[in-house]
>>> print(open('start.cif').read())   # mmCIF, C-alpha atoms
data_run
loop_
_atom_site.label_atom_id
_atom_site.label_comp_id
_atom_site.auth_asym_id
_atom_site.auth_seq_id
_atom_site.Cartn_x
_atom_site.Cartn_y
_atom_site.Cartn_z
CA MET Y 1 133.84 2.66 132.38
CA ASP Y 2 136.92 1.85 134.37
CA PHE Y 3 137.98 4.92 136.32
CA ILE Y 4 140.43 3.07 138.55
CA GLY Y 5 142.24 1.40 135.67
CA ALA Y 6 142.20 4.56 133.58
CA TYR Y 7 143.70 6.66 136.36
CA ALA Y 8 146.58 4.26 137.07
CA PRO Y 9 149.71 6.19 138.13
CA ALA Y 10 151.54 5.24 134.94
CA HIS Y 11 148.73 6.71 132.85
CA LEU Y 12 148.63 9.92 134.87
CA LYS Y 13 152.37 10.31 134.44
CA PHE Y 14 152.04 9.67 130.70
CA LEU Y 15 149.30 12.32 130.40
CA LEU Y 16 151.37 14.85 132.33
CA GLU Y 17 154.31 14.21 130.01
CA GLY Y 18 152.00 14.90 127.07
CA PHE Y 19 150.74 18.05 128.73
CA ALA Y 20 154.33 19.22 129.20
CA VAL Y 21 154.85 18.95 125.43
CA THR Y 22 151.57 20.82 124.83
CA LEU Y 23 152.70 23.64 127.12
CA GLU Y 24 156.21 23.70 125.65
CA VAL Y 25 154.98 23.89 122.05
CA ALA Y 26 152.40 26.53 122.97
CA PHE Y 27 154.94 28.60 124.88
CA ILE Y 28 157.63 28.54 122.18
CA SER Y 29 155.02 29.31 119.52
CA ILE Y 30 153.55 32.27 121.39
CA LEU Y 31 157.01 33.81 121.90
CA PHE Y 32 157.85 33.73 118.21
CA SER Y 33 154.35 34.69 117.10
CA PHE Y 34 154.33 37.62 119.45
CA ALA Y 35 157.60 38.99 118.06
CA ILE Y 36 156.56 38.45 114.43
CA GLY Y 37 153.03 39.69 115.15
CA ILE Y 38 154.38 42.98 116.54
CA VAL Y 39 156.62 43.52 113.51
CA ILE Y 40 153.80 42.79 111.03
CA GLY Y 41 151.27 44.79 113.04
CA VAL Y 42 153.57 47.84 113.22
CA LEU Y 43 154.48 47.62 109.53
CA ARG Y 44 150.81 47.45 108.55
CA TYR Y 45 149.94 50.28 110.93
CA SER Y 46 152.67 52.45 109.42
CA ARG Y 47 151.06 52.09 105.98
CA ILE Y 48 154.34 51.72 104.12
CA PRO Y 49 153.28 51.45 100.49
CA PHE Y 50 153.68 48.03 98.88
CA VAL Y 51 155.00 46.37 102.09
CA SER Y 52 151.74 46.85 103.96
CA HIS Y 53 149.74 45.64 100.99
CA ILE Y 54 151.73 42.44 100.66
CA LEU Y 55 151.47 41.88 104.40
CA ALA Y 56 147.73 42.52 104.31
CA ILE Y 57 147.24 39.86 101.67
CA GLY Y 58 149.44 37.41 103.56
CA VAL Y 59 147.73 38.00 106.91
CA GLU Y 60 144.22 37.79 105.47
CA THR Y 61 145.04 34.57 103.61
CA ILE Y 62 146.48 32.87 106.68
CA ARG Y 63 143.70 34.07 108.97
CA ASN Y 64 141.08 32.67 106.63
CA LEU Y 65 142.59 29.19 106.45
CA PRO Y 66 142.06 26.36 108.94
CA LEU Y 67 145.05 25.84 111.24
CA LEU Y 68 144.74 22.10 110.64
CA LEU Y 69 145.46 22.69 106.96
CA ILE Y 70 148.58 24.68 107.83
CA ILE Y 71 149.79 21.87 110.12
CA PHE Y 72 149.27 19.35 107.31
CA PHE Y 73 151.13 21.66 105.03
CA THR Y 74 154.22 22.18 107.18
CA TYR Y 75 154.49 18.48 107.98
CA PHE Y 76 153.38 16.70 104.79
CA ALA Y 77 153.71 19.21 101.95
CA LEU Y 78 156.94 21.05 102.76
CA PRO Y 79 159.09 17.87 102.53
CA GLU Y 80 157.88 17.60 98.94
CA VAL Y 81 159.68 20.82 98.11
CA GLY Y 82 162.77 19.75 100.01
CA PHE Y 83 162.02 21.24 103.42
CA LYS Y 84 161.71 18.39 105.88
CA LEU Y 85 160.86 19.16 109.47
CA ASP Y 86 160.58 17.01 112.56
CA LYS Y 87 157.01 16.78 114.04
CA PHE Y 88 157.88 19.09 116.86
CA TYR Y 89 159.20 21.86 114.59
CA ALA Y 90 156.51 21.32 111.95
CA ALA Y 91 153.87 21.88 114.64
CA ILE Y 92 155.65 24.95 115.97
CA LEU Y 93 156.13 26.40 112.47
CA ALA Y 94 152.43 25.93 111.66
CA LEU Y 95 151.33 27.48 114.94
CA VAL Y 96 153.75 30.40 114.51
CA ILE Y 97 152.53 31.10 110.96
CA PHE Y 98 148.88 31.03 112.05
CA GLU Y 99 149.25 32.84 115.38
CA SER Y 100 151.54 35.58 113.97
CA ALA Y 101 148.75 36.52 111.59
CA MET Y 102 146.21 36.51 114.43
CA LEU Y 103 148.46 38.47 116.79
CA SER Y 104 149.40 41.02 114.13
CA GLU Y 105 145.72 41.92 113.89
CA ILE Y 106 145.52 42.35 117.67
CA VAL Y 107 148.63 44.56 117.54
CA ARG Y 108 147.26 46.59 114.65
CA SER Y 109 143.89 47.24 116.31
CA GLY Y 110 145.71 48.04 119.57
CA LEU Y 111 147.82 50.63 117.74
CA ASN Y 112 144.77 52.02 115.96
CA SER Y 113 143.04 52.49 119.31
CA ILE Y 114 145.62 55.11 120.36
CA GLU Y 115 144.18 58.57 119.72
CA LYS Y 116 145.69 60.41 116.74
CA GLY Y 117 146.22 63.50 118.93
CA GLN Y 118 148.92 61.65 120.87
CA ILE Y 119 150.91 61.07 117.71
CA GLU Y 120 150.46 64.66 116.58
CA ALA Y 121 151.54 65.95 120.00
CA ALA Y 122 154.62 63.69 120.03
CA ARG Y 123 155.58 64.66 116.48
CA SER Y 124 155.16 68.35 117.17
CA SER Y 125 157.37 68.11 120.26
CA GLY Y 126 160.12 66.99 117.93
CA LEU Y 127 160.07 63.19 118.10
CA THR Y 128 160.64 61.30 114.88
CA TYR Y 129 158.00 58.88 113.64
CA THR Y 130 159.96 55.87 114.91
CA GLN Y 131 160.53 57.51 118.31
CA THR Y 132 156.83 58.32 118.54
CA LEU Y 133 155.93 54.75 117.72
CA TRP Y 134 158.44 53.27 120.16
CA HIS Y 135 158.05 55.62 123.14
CA ILE Y 136 154.45 56.84 122.87
CA VAL Y 137 152.20 54.57 120.84
CA LEU Y 138 153.55 51.04 121.44
CA PRO Y 139 153.76 51.16 125.26
CA GLN Y 140 150.16 52.33 125.56
CA ALA Y 141 148.90 49.98 122.90
CA LEU Y 142 150.70 46.99 124.43
CA ARG Y 143 148.87 47.54 127.70
CA ARG Y 144 145.53 47.50 125.91
CA MET Y 145 146.55 44.39 123.99
CA VAL Y 146 147.20 42.23 127.05
CA PRO Y 147 143.67 40.78 127.43
CA PRO Y 148 143.23 39.81 123.75
CA ILE Y 149 146.75 38.40 123.69
CA VAL Y 150 146.01 36.19 126.70
CA GLY Y 151 142.83 35.13 124.89
CA GLN Y 152 144.92 34.22 121.86
CA PHE Y 153 147.29 32.24 124.05
CA ILE Y 154 144.31 30.23 125.35
CA SER Y 155 143.31 29.49 121.75
CA LEU Y 156 146.87 28.48 121.01
CA LEU Y 157 146.96 26.07 123.94
CA LYS Y 158 143.75 24.47 122.71
CA ASP Y 159 144.89 24.45 119.09
CA THR Y 160 148.08 22.60 119.96
CA SER Y 161 145.81 19.55 120.23
CA LEU Y 162 145.38 19.66 116.44
CA ALA Y 163 148.95 18.41 116.16
CA VAL Y 164 147.45 15.04 117.11
CA VAL Y 165 147.06 14.58 113.32
CA ILE Y 166 150.83 14.44 112.90
CA ALA Y 167 151.19 12.31 116.06
CA LEU Y 168 153.06 14.98 117.99
CA PRO Y 169 153.38 13.40 121.46
CA GLU Y 170 151.25 16.06 123.18
CA LEU Y 171 148.32 15.60 125.57
CA MET Y 172 145.67 14.49 123.02
CA ASN Y 173 148.07 12.05 121.42
CA HIS Y 174 148.93 10.49 124.78
CA ALA Y 175 145.23 10.34 125.67
CA GLN Y 176 144.52 8.48 122.43
CA ILE Y 177 147.34 6.02 123.11
CA ILE Y 178 145.88 5.17 126.54
CA ASN Y 179 142.39 4.96 125.02
CA GLY Y 180 143.70 2.42 122.54
CA ARG Y 181 144.54 0.02 125.37
CA ASN Y 182 141.03 -0.44 126.72
CA VAL Y 183 137.72 0.93 125.51
CA ASN Y 184 136.59 1.36 129.12
CA TYR Y 185 139.28 4.00 129.65
CA VAL Y 186 137.97 6.32 126.94
CA ILE Y 187 135.44 8.37 128.88
CA PRO Y 188 137.43 8.67 132.11
CA ILE Y 189 140.52 9.71 130.13
CA PHE Y 190 138.65 12.31 128.05
CA LEU Y 191 137.12 13.70 131.23
CA LEU Y 192 140.52 14.04 132.88
CA VAL Y 193 142.12 15.56 129.78
CA ALA Y 194 139.27 18.08 129.50
CA ILE Y 195 139.78 19.03 133.15
CA MET Y 196 143.52 19.48 132.59
CA TYR Y 197 142.96 21.86 129.66
CA PHE Y 198 140.18 23.59 131.55
CA ILE Y 199 142.24 24.28 134.68
CA VAL Y 200 145.08 25.93 132.76
CA ASN Y 201 142.92 27.85 130.30
CA TYR Y 202 140.35 28.99 132.83
CA SER Y 203 143.10 30.27 135.14
CA LEU Y 204 144.55 32.21 132.20
CA SER Y 205 141.15 33.68 131.38
CA LEU Y 206 140.70 34.76 135.01
CA ILE Y 207 144.08 36.51 134.89
CA SER Y 208 143.08 38.17 131.63
CA ARG Y 209 139.80 39.40 133.14
CA ARG Y 210 141.71 40.81 136.12
CA LEU Y 211 144.06 42.71 133.83
CA GLU Y 212 141.13 44.04 131.84
CA HIS Y 213 139.55 45.56 134.93
CA LYS Y 214 142.84 47.06 136.02
CA HIS Y 215 143.61 48.89 132.80
CA LEU Y 216 140.29 50.00 131.41
CA MET S 1 153.57 25.81 88.42
CA LEU S 2 150.80 23.89 90.12
CA ASN S 3 149.64 20.64 88.64
CA TYR S 4 146.11 21.63 87.60
CA SER S 5 145.35 18.22 86.13
CA ILE S 6 145.01 16.98 89.74
CA LEU S 7 142.29 19.55 90.32
CA ILE S 8 140.49 18.68 87.09
CA GLU S 9 140.75 14.91 87.47
CA HIS S 10 139.59 14.96 91.08
CA TRP S 11 137.05 17.75 90.66
CA ASP S 12 134.18 15.57 91.89
CA MET S 13 136.00 14.69 95.08
CA TYR S 14 136.90 18.31 95.77
CA MET S 15 133.29 19.29 95.15
CA GLN S 16 131.97 16.59 97.44
CA GLY S 17 134.34 17.71 100.18
CA PHE S 18 133.45 21.35 99.59
CA ALA S 19 129.72 20.56 99.81
CA ASN S 20 130.17 18.59 103.02
CA THR S 21 132.32 21.31 104.60
CA LEU S 22 129.57 23.80 103.81
CA LYS S 23 126.87 21.42 105.01
CA ALA S 24 128.63 20.70 108.31
CA SER S 25 129.21 24.44 108.87
CA VAL S 26 125.60 25.41 108.18
CA LEU S 27 124.13 22.57 110.25
CA ALA S 28 126.49 23.35 113.14
CA LEU S 29 125.60 27.04 112.86
CA ILE S 30 121.89 26.31 113.15
CA GLY S 31 122.43 23.93 116.06
CA SER S 32 124.77 26.25 117.91
CA LEU S 33 122.46 29.23 117.40
CA ALA S 34 119.72 27.23 119.14
CA ILE S 35 121.90 25.99 122.02
CA GLY S 36 123.75 29.32 122.21
CA THR S 37 120.55 31.34 122.52
CA VAL S 38 119.24 29.07 125.27
CA MET S 39 122.55 29.26 127.17
CA ALA S 40 122.73 33.05 126.79
CA VAL S 41 119.20 33.44 128.16
CA PHE S 42 120.07 31.00 130.97
CA ARG S 43 123.05 33.16 131.92
CA ILE S 44 121.03 36.34 132.30
CA ALA S 45 117.64 34.97 133.39
CA PRO S 46 116.69 35.96 136.94
CA VAL S 47 116.94 32.32 138.09
CA ARG S 48 120.14 31.40 139.92
CA PRO S 49 120.40 27.67 139.00
CA LEU S 50 119.93 28.55 135.31
CA ASN S 51 122.73 31.13 135.58
CA TRP S 52 125.02 28.42 136.90
CA ILE S 53 124.13 25.98 134.12
CA GLY S 54 124.72 28.64 131.46
CA ALA S 55 128.01 29.79 132.97
CA ALA S 56 129.25 26.23 133.49
CA TYR S 57 128.50 25.29 129.89
CA VAL S 58 130.15 28.36 128.39
CA GLU S 59 133.23 28.40 130.60
CA PHE S 60 133.90 24.68 130.38
CA ILE S 61 133.43 24.28 126.64
CA ARG S 62 135.30 27.46 125.73
CA ASN S 63 138.36 26.29 127.60
CA ILE S 64 138.78 22.83 126.12
CA PRO S 65 139.94 21.96 122.59
CA LEU S 66 137.42 21.36 119.82
CA ILE S 67 139.09 18.14 118.78
CA LEU S 68 138.54 16.73 122.26
CA ILE S 69 134.80 17.38 121.96
CA VAL S 70 134.74 15.81 118.51
CA PHE S 71 136.58 12.76 119.89
CA VAL S 72 134.02 12.47 122.68
CA PHE S 73 131.30 12.08 120.04
CA PHE S 74 133.41 9.88 117.81
CA VAL S 75 135.12 7.53 120.30
CA GLY S 76 133.80 8.48 123.74
CA LEU S 77 130.08 7.92 123.31
CA PRO S 78 130.50 4.78 121.16
CA ALA S 79 132.39 3.31 124.15
CA ILE S 80 129.08 3.39 126.06
CA GLY S 81 127.06 2.21 123.09
CA ILE S 82 125.98 5.51 121.48
CA ARG S 83 127.19 5.49 117.90
CA PHE S 84 127.28 8.16 115.17
CA ASP S 85 128.74 8.15 111.69
CA SER S 86 131.83 10.33 111.39
CA PHE S 87 130.10 13.26 109.68
CA THR S 88 127.40 13.41 112.37
CA ALA S 89 129.92 13.04 115.20
CA GLY S 90 132.00 15.87 113.75
CA THR S 91 129.03 18.15 113.21
CA LEU S 92 127.73 17.49 116.73
CA GLY S 93 131.17 18.27 118.16
CA LEU S 94 131.32 21.50 116.17
CA THR S 95 127.83 22.44 117.36
CA VAL S 96 128.55 21.88 121.05
CA TYR S 97 131.84 23.83 120.79
CA THR S 98 130.56 26.77 118.74
CA ALA S 99 127.44 27.12 120.91
CA ALA S 100 129.61 28.29 123.81
CA PHE S 101 131.06 31.13 121.73
CA ILE S 102 127.71 32.04 120.22
CA ALA S 103 126.17 32.13 123.70
CA GLU S 104 128.71 34.79 124.66
CA VAL S 105 128.01 36.81 121.51
CA ILE S 106 124.26 36.70 122.14
CA ARG S 107 124.68 37.51 125.82
CA ALA S 108 126.73 40.60 124.94
CA GLY S 109 124.02 41.56 122.43
CA ILE S 110 121.22 41.19 124.97
CA LEU S 111 123.14 43.17 127.59
CA ALA S 112 123.68 45.94 125.03
CA VAL S 113 119.90 46.50 124.82
CA PRO S 114 119.04 49.22 127.38
CA LYS S 115 117.57 47.91 130.66
CA GLY S 116 114.55 50.21 130.35
CA GLN S 117 113.31 48.11 127.44
CA MET S 118 112.86 45.05 129.63
CA GLU S 119 111.32 47.09 132.44
CA ALA S 120 108.87 48.77 130.06
CA ALA S 121 107.93 45.44 128.48
CA ARG S 122 107.44 43.76 131.85
CA SER S 123 105.35 46.63 133.21
CA SER S 124 103.09 46.50 130.15
CA GLY S 125 102.20 42.98 131.25
CA LEU S 126 104.51 40.75 129.20
CA THR S 127 106.05 37.75 130.94
CA TYR S 128 109.85 37.52 131.13
CA LEU S 129 109.97 35.07 128.22
CA GLN S 130 107.59 37.15 126.10
CA ALA S 131 109.60 40.30 126.74
CA MET S 132 112.78 38.45 125.87
CA TRP S 133 111.35 36.98 122.65
CA TYR S 134 109.40 39.97 121.31
CA ILE S 135 111.31 42.97 122.66
CA ILE S 136 114.91 42.19 123.62
CA LEU S 137 116.07 39.49 121.18
CA PRO S 138 114.94 41.32 117.99
CA GLN S 139 116.94 44.38 119.05
CA ALA S 140 119.93 42.29 120.07
CA VAL S 141 120.02 40.63 116.62
CA LYS S 142 121.28 43.78 114.90
CA ILE S 143 124.16 44.13 117.35
CA VAL S 144 125.23 40.51 117.14
CA ILE S 145 125.26 40.06 113.37
CA PRO S 146 128.92 41.05 112.76
CA PRO S 147 130.38 38.96 115.64
CA MET S 148 128.09 36.13 114.56
CA GLY S 149 129.62 36.37 111.10
CA ASN S 150 133.05 35.97 112.68
CA GLN S 151 131.84 32.89 114.49
CA PHE S 152 130.61 31.46 111.20
CA ILE S 153 134.03 32.05 109.63
CA ASN S 154 135.61 30.23 112.57
CA LEU S 155 133.07 27.47 112.12
CA VAL S 156 133.99 26.97 108.47
CA LYS S 157 137.67 26.81 109.40
CA ASN S 158 137.04 24.59 112.41
CA SER S 159 134.97 22.17 110.33
CA SER S 160 138.34 20.93 109.04
CA VAL S 161 138.55 18.78 112.18
CA LEU S 162 136.09 16.48 110.45
CA GLY S 163 139.08 15.45 108.35
CA VAL S 164 140.70 13.95 111.45
CA ILE S 165 137.81 11.49 111.93
CA ALA S 166 137.27 10.80 108.18
CA GLY S 167 134.23 13.10 108.17
CA LEU S 168 134.03 13.42 104.34
CA ASP S 169 134.87 17.15 104.34
CA LEU S 170 137.46 19.06 102.28
CA MET S 171 140.36 18.01 104.51
CA TYR S 172 139.33 14.37 104.29
CA PHE S 173 139.15 14.42 100.50
CA GLY S 174 142.43 16.31 100.37
CA ASP S 175 143.96 13.46 102.32
CA LEU S 176 142.37 10.91 100.00
CA ILE S 177 143.48 12.66 96.82
CA SER S 178 147.03 13.06 98.07
CA SER S 179 147.27 9.38 98.95
CA GLU S 180 145.96 8.49 95.47
CA THR S 181 148.23 10.83 93.54
CA PHE S 182 151.25 10.80 95.89
CA VAL S 183 151.22 14.59 95.61
CA THR S 184 150.74 16.63 98.77
CA PHE S 185 151.80 20.20 98.11
CA ASP S 186 149.54 20.94 95.14
CA VAL S 187 146.61 18.96 96.53
CA TYR S 188 146.54 21.02 99.70
CA ILE S 189 147.03 24.30 97.86
CA PHE S 190 143.77 23.48 96.04
CA VAL S 191 142.12 22.55 99.35
CA ALA S 192 143.26 25.91 100.73
CA MET S 193 141.73 27.70 97.73
CA PHE S 194 138.37 26.07 98.39
CA TYR S 195 138.45 27.19 102.02
CA LEU S 196 139.35 30.73 100.96
CA LEU S 197 136.47 30.67 98.51
CA LEU S 198 134.19 30.39 101.54
CA THR S 199 136.02 32.43 104.16
CA ILE S 200 137.30 35.46 102.22
CA PRO S 201 133.85 36.64 101.03
CA LEU S 202 132.53 36.06 104.55
CA SER S 203 135.39 38.10 106.04
CA LEU S 204 134.83 40.94 103.58
CA GLY S 205 131.11 40.88 104.34
CA VAL S 206 131.66 40.96 108.09
CA GLY S 207 134.15 43.81 107.70
CA ALA S 208 131.65 45.84 105.69
CA LEU S 209 128.89 45.19 108.24
CA GLU S 210 131.18 46.21 111.09
CA ARG S 211 132.04 49.48 109.39
CA ARG S 212 128.37 50.20 108.69
CA LEU S 213 127.40 49.51 112.27
CA ALA S 214 130.26 51.71 113.55
CA ARG S 215 129.05 54.57 111.36
CA SER S 216 125.42 54.24 112.45
CA ARG S 217 126.43 54.67 116.10
#
>>> encode(input="start.cif", output="structure tokens")
Amino acid sequence: MDFIGAYAPAHLKFLLEGFAVTLEVAFISILFSFAIGIVIGVLRYSRIPFVSHILAIGVETIRNLPLLLIIFFTYFALPEVGFKLDKFYAAILALVIFESAMLSEIVRSGLNSIEKGQIEAARSSGLTYTQTLWHIVLPQALRRMVPPIVGQFISLLKDTSLAVVIALPELMNHAQIINGRNVNYVIPIFLLVAIMYFIVNYSLSLISRRLEHKHL
Amino acid sequence: MLNYSILIEHWDMYMQGFANTLKASVLALIGSLAIGTVMAVFRIAPVRPLNWIGAAYVEFIRNIPLILIVFVFFVGLPAIGIRFDSFTAGTLGLTVYTAAFIAEVIRAGILAVPKGQMEAARSSGLTYLQAMWYIILPQAVKIVIPPMGNQFINLVKNSSVLGVIAGLDLMYFGDLISSETFVTFDVYIFVAMFYLLLTIPLSLGVGALERRLARSR
């Protein structure tokens, strides 16, 4: 094991560059998934006939598939049907598809956790269904959803590493490139990479725990 | 229309991958139940250093990617002379990773058993370990079955990382078949169907159990 060689400044810089891509991909993906997840969650909660059934099938299918398979699909299979994406966008598309399904379930159970009496009260004071949803149910549900959403973001950050299979230049990919130079770097590099993921994810989980205590 | 001849011609490969995916998931489940139970008991045992070990394991492993752990077994340990074949390395990685989540599930289950149970058991002369084994854990089992089912679903899905290290699972054979046939789309649709064959019944089962448990409360 060669800790000094492994932690050469050039390597550290290279790893940080990879981590920046990891964070960027995770951040872009969570933004889109959150928006799509809310729409799907609300539509399923509203029990619109047909639409909610189709969405239910879609969400359950995606949730029951491995993310790795979806990444393979967006990068290797979509070009076959004439839809070619760059690594970066293929990774983001796969993550958005997968995480939207996950987040929509968080949104739906958040909405379901709001007592029915609130909706009845809002409706009987003259609000329309959409107004009730927007002004009464969603704001309260969103607050309850914060801890599981942060948890999902942690998963997303970890899952970004799966894009190593399509050689997206994120943290795991950069780690593997350094490891390829000298076998004595492998363990020190993995240790450092693990610590990098740990610091970010553990801080997020501490924030999430804080929020949980505040709101419940 | 999907090209079903691919599925028929490569049926044996799909089946081999399917069997290995199932095998890796079941082996990792057994391993992570063992490690997870030990870590959960460590976290709540009245011995400070054990609490730290349990907490350190769970918090560290939960916050790093699975693929990193699998790589540690597949390329990290061989670098210091400890070698595994790819299937074993993948299954060990899955076990170490899943154990952290299972430890949390079991811990929540144990904490859900009323405190008086432990006190009563201890005051009737059982040691801490006896009370844990004969009184607390059997009661905790009922509570943890649905979340454990969810962990098993995750395990089946996560076992796809074996494909990254040529671990002979469904993903690996999917890769192999698509490089033989030069078809990707259809090959992976079939791979997806095999995963769903495992995960959808599990999800439905867990859902039913959850509803039953909610009603019995």
>>> closest_atom_pairs(input="start.cif", of="chain Y", to="chain S", cutoff="10 Å", atoms="all atoms listed in the file", output="tab-separated table")
residue	atom	partner	partner_atom	distance
Y:Met1	CA	S:Ile80	CA	7.9
Y:Glu60	CA	S:Ile200	CA	8.0
Y:Thr61	CA	S:Leu196	CA	7.4
Y:Ile62	CA	S:Leu196	CA	9.4
Y:Arg63	CA	S:Thr199	CA	9.2
Y:Asn64	CA	S:Thr199	CA	5.6
Y:Leu65	CA	S:Lys157	CA	6.2
Y:Pro66	CA	S:Lys157	CA	4.4
Y:Leu67	CA	S:Lys157	CA	7.7
Y:Leu68	CA	S:Ser160	CA	6.7
Y:Leu69	CA	S:Met171	CA	7.3
Y:Ile70	CA	S:Ala192	CA	9.0
Y:Phe72	CA	S:Tyr188	CA	8.3
Y:Phe73	CA	S:Tyr188	CA	7.1
Y:Thr74	CA	S:Phe185	CA	9.6
Y:Phe76	CA	S:Thr184	CA	6.6
Y:Ala77	CA	S:Phe185	CA	4.4
Y:Leu78	CA	S:Phe185	CA	7.0
Y:Pro79	CA	S:Phe185	CA	8.8
Y:Glu80	CA	S:Phe185	CA	6.7
Y:Val81	CA	S:Phe185	CA	7.9
Y:Ile154	CA	S:Asn63	CA	7.5
Y:Ser155	CA	S:Pro65	CA	8.3
Y:Leu156	CA	S:Pro65	CA	9.6
Y:Leu157	CA	S:Pro65	CA	8.2
Y:Lys158	CA	S:Pro65	CA	4.6
Y:Asp159	CA	S:Pro65	CA	6.6
Y:Thr160	CA	S:Pro65	CA	8.6
Y:Ser161	CA	S:Pro65	CA	6.8
Y:Leu162	CA	S:Ile67	CA	6.9
Y:Val164	CA	S:Val164	CA	8.9
Y:Val165	CA	S:Val164	CA	6.7
Y:Met172	CA	S:Leu68	CA	7.5
Y:Ala175	CA	S:Leu68	CA	9.9
Y:Gln176	CA	S:Phe71	CA	9.4
Y:Asn179	CA	S:Val75	CA	9.0
Y:Asn182	CA	S:Ala79	CA	9.8
Y:Val183	CA	S:Ala79	CA	6.0
Y:Asn184	CA	S:Ala79	CA	6.8
Y:Tyr185	CA	S:Ala79	CA	8.8
Y:Val186	CA	S:Gly76	CA	5.7
Y:Ile187	CA	S:Gly76	CA	5.4
Y:Pro188	CA	S:Gly76	CA	9.1
Y:Ile189	CA	S:Gly76	CA	9.4
Y:Phe190	CA	S:Val72	CA	7.1
Y:Leu191	CA	S:Val72	CA	9.2
Y:Val193	CA	S:Leu68	CA	8.4
Y:Ala194	CA	S:Ile64	CA	5.9
Y:Ile195	CA	S:Ile64	CA	8.1
Y:Met196	CA	S:Ile64	CA	8.7
Y:Tyr197	CA	S:Ile64	CA	5.6
Y:Phe198	CA	S:Asn63	CA	5.1
Y:Ile199	CA	S:Asn63	CA	8.3
Y:Val200	CA	S:Asn63	CA	8.5
Y:Asn201	CA	S:Asn63	CA	5.5
Y:Tyr202	CA	S:Asn63	CA	6.2
Y:Ser203	CA	S:Asn63	CA	9.8
Y:Leu204	CA	S:Asn63	CA	9.7
Y:Ser205	CA	S:Asn63	CA	8.8
>>> write_last_selection(input="start.cif", atoms="C-alpha atoms", output="tab-separated table (two decimals), keeping the file's coordinate frame")
chain	number	residue	atom	x	y	z
Y	1	MET	CA	133.84	2.66	132.38
Y	60	GLU	CA	144.22	37.79	105.47
Y	61	THR	CA	145.04	34.57	103.61
Y	62	ILE	CA	146.48	32.87	106.68
Y	63	ARG	CA	143.70	34.07	108.97
Y	64	ASN	CA	141.08	32.67	106.63
Y	65	LEU	CA	142.59	29.19	106.45
Y	66	PRO	CA	142.06	26.36	108.94
Y	67	LEU	CA	145.05	25.84	111.24
Y	68	LEU	CA	144.74	22.10	110.64
Y	69	LEU	CA	145.46	22.69	106.96
Y	70	ILE	CA	148.58	24.68	107.83
Y	72	PHE	CA	149.27	19.35	107.31
Y	73	PHE	CA	151.13	21.66	105.03
Y	74	THR	CA	154.22	22.18	107.18
Y	76	PHE	CA	153.38	16.70	104.79
Y	77	ALA	CA	153.71	19.21	101.95
Y	78	LEU	CA	156.94	21.05	102.76
Y	79	PRO	CA	159.09	17.87	102.53
Y	80	GLU	CA	157.88	17.60	98.94
Y	81	VAL	CA	159.68	20.82	98.11
Y	154	ILE	CA	144.31	30.23	125.35
Y	155	SER	CA	143.31	29.49	121.75
Y	156	LEU	CA	146.87	28.48	121.01
Y	157	LEU	CA	146.96	26.07	123.94
Y	158	LYS	CA	143.75	24.47	122.71
Y	159	ASP	CA	144.89	24.45	119.09
Y	160	THR	CA	148.08	22.60	119.96
Y	161	SER	CA	145.81	19.55	120.23
Y	162	LEU	CA	145.38	19.66	116.44
Y	164	VAL	CA	147.45	15.04	117.11
Y	165	VAL	CA	147.06	14.58	113.32
Y	172	MET	CA	145.67	14.49	123.02
Y	175	ALA	CA	145.23	10.34	125.67
Y	176	GLN	CA	144.52	8.48	122.43
Y	179	ASN	CA	142.39	4.96	125.02
Y	182	ASN	CA	141.03	-0.44	126.72
Y	183	VAL	CA	137.72	0.93	125.51
Y	184	ASN	CA	136.59	1.36	129.12
Y	185	TYR	CA	139.28	4.00	129.65
Y	186	VAL	CA	137.97	6.32	126.94
Y	187	ILE	CA	135.44	8.37	128.88
Y	188	PRO	CA	137.43	8.67	132.11
Y	189	ILE	CA	140.52	9.71	130.13
Y	190	PHE	CA	138.65	12.31	128.05
Y	191	LEU	CA	137.12	13.70	131.23
Y	193	VAL	CA	142.12	15.56	129.78
Y	194	ALA	CA	139.27	18.08	129.50
Y	195	ILE	CA	139.78	19.03	133.15
Y	196	MET	CA	143.52	19.48	132.59
Y	197	TYR	CA	142.96	21.86	129.66
Y	198	PHE	CA	140.18	23.59	131.55
Y	199	ILE	CA	142.24	24.28	134.68
Y	200	VAL	CA	145.08	25.93	132.76
Y	201	ASN	CA	142.92	27.85	130.30
Y	202	TYR	CA	140.35	28.99	132.83
Y	203	SER	CA	143.10	30.27	135.14
Y	204	LEU	CA	144.55	32.21	132.20
Y	205	SER	CA	141.15	33.68	131.38
>>> resolve_selection(input="start.cif", expression="the PyMOL selection byres ((chain S and resi 111-124) around 8)", output="list in words")
Arg107, Ala108, Gly109, Ile110, Gly125, Leu126, Thr127, Tyr128, Ala131, Met132, Ile135, Ile136, Gln139, Ala140 and Ile143 of chain S
>>> resolve_selection(input="start.cif", expression="the PyMOL selection byres ((chain Y and resi 28) around 12)", output="PyMOL selection string")
chain Y and resi 21-27+29-35+88-89+91-93+95-96+99+153+156-157+160
>>> atom_distance(input="start.cif", atom1="CA of His53 (chain Y)", atom2="CA of Phe98 (chain Y)")
18.3 Å
>>> resolve_selection(input="start.cif", expression="the PyMOL selection byres ((chain Y and resi 132-137) around 9)", output="count of residues only")
17
>>> atom_distance(input="start.cif", atom1="CA of His10 (chain S)", atom2="CA of Lys23 (chain S)")
19.9 Å
>>> axis_aligned_box(input="start.cif", around="region 160-164 of chain Y", padding_each_side="4 Å", output="lines of an AutoDock Vina configuration file")
center_x = 147.2
center_y = 18.8
center_z = 118.2
size_x = 11.6
size_y = 15.6
size_z = 12.1
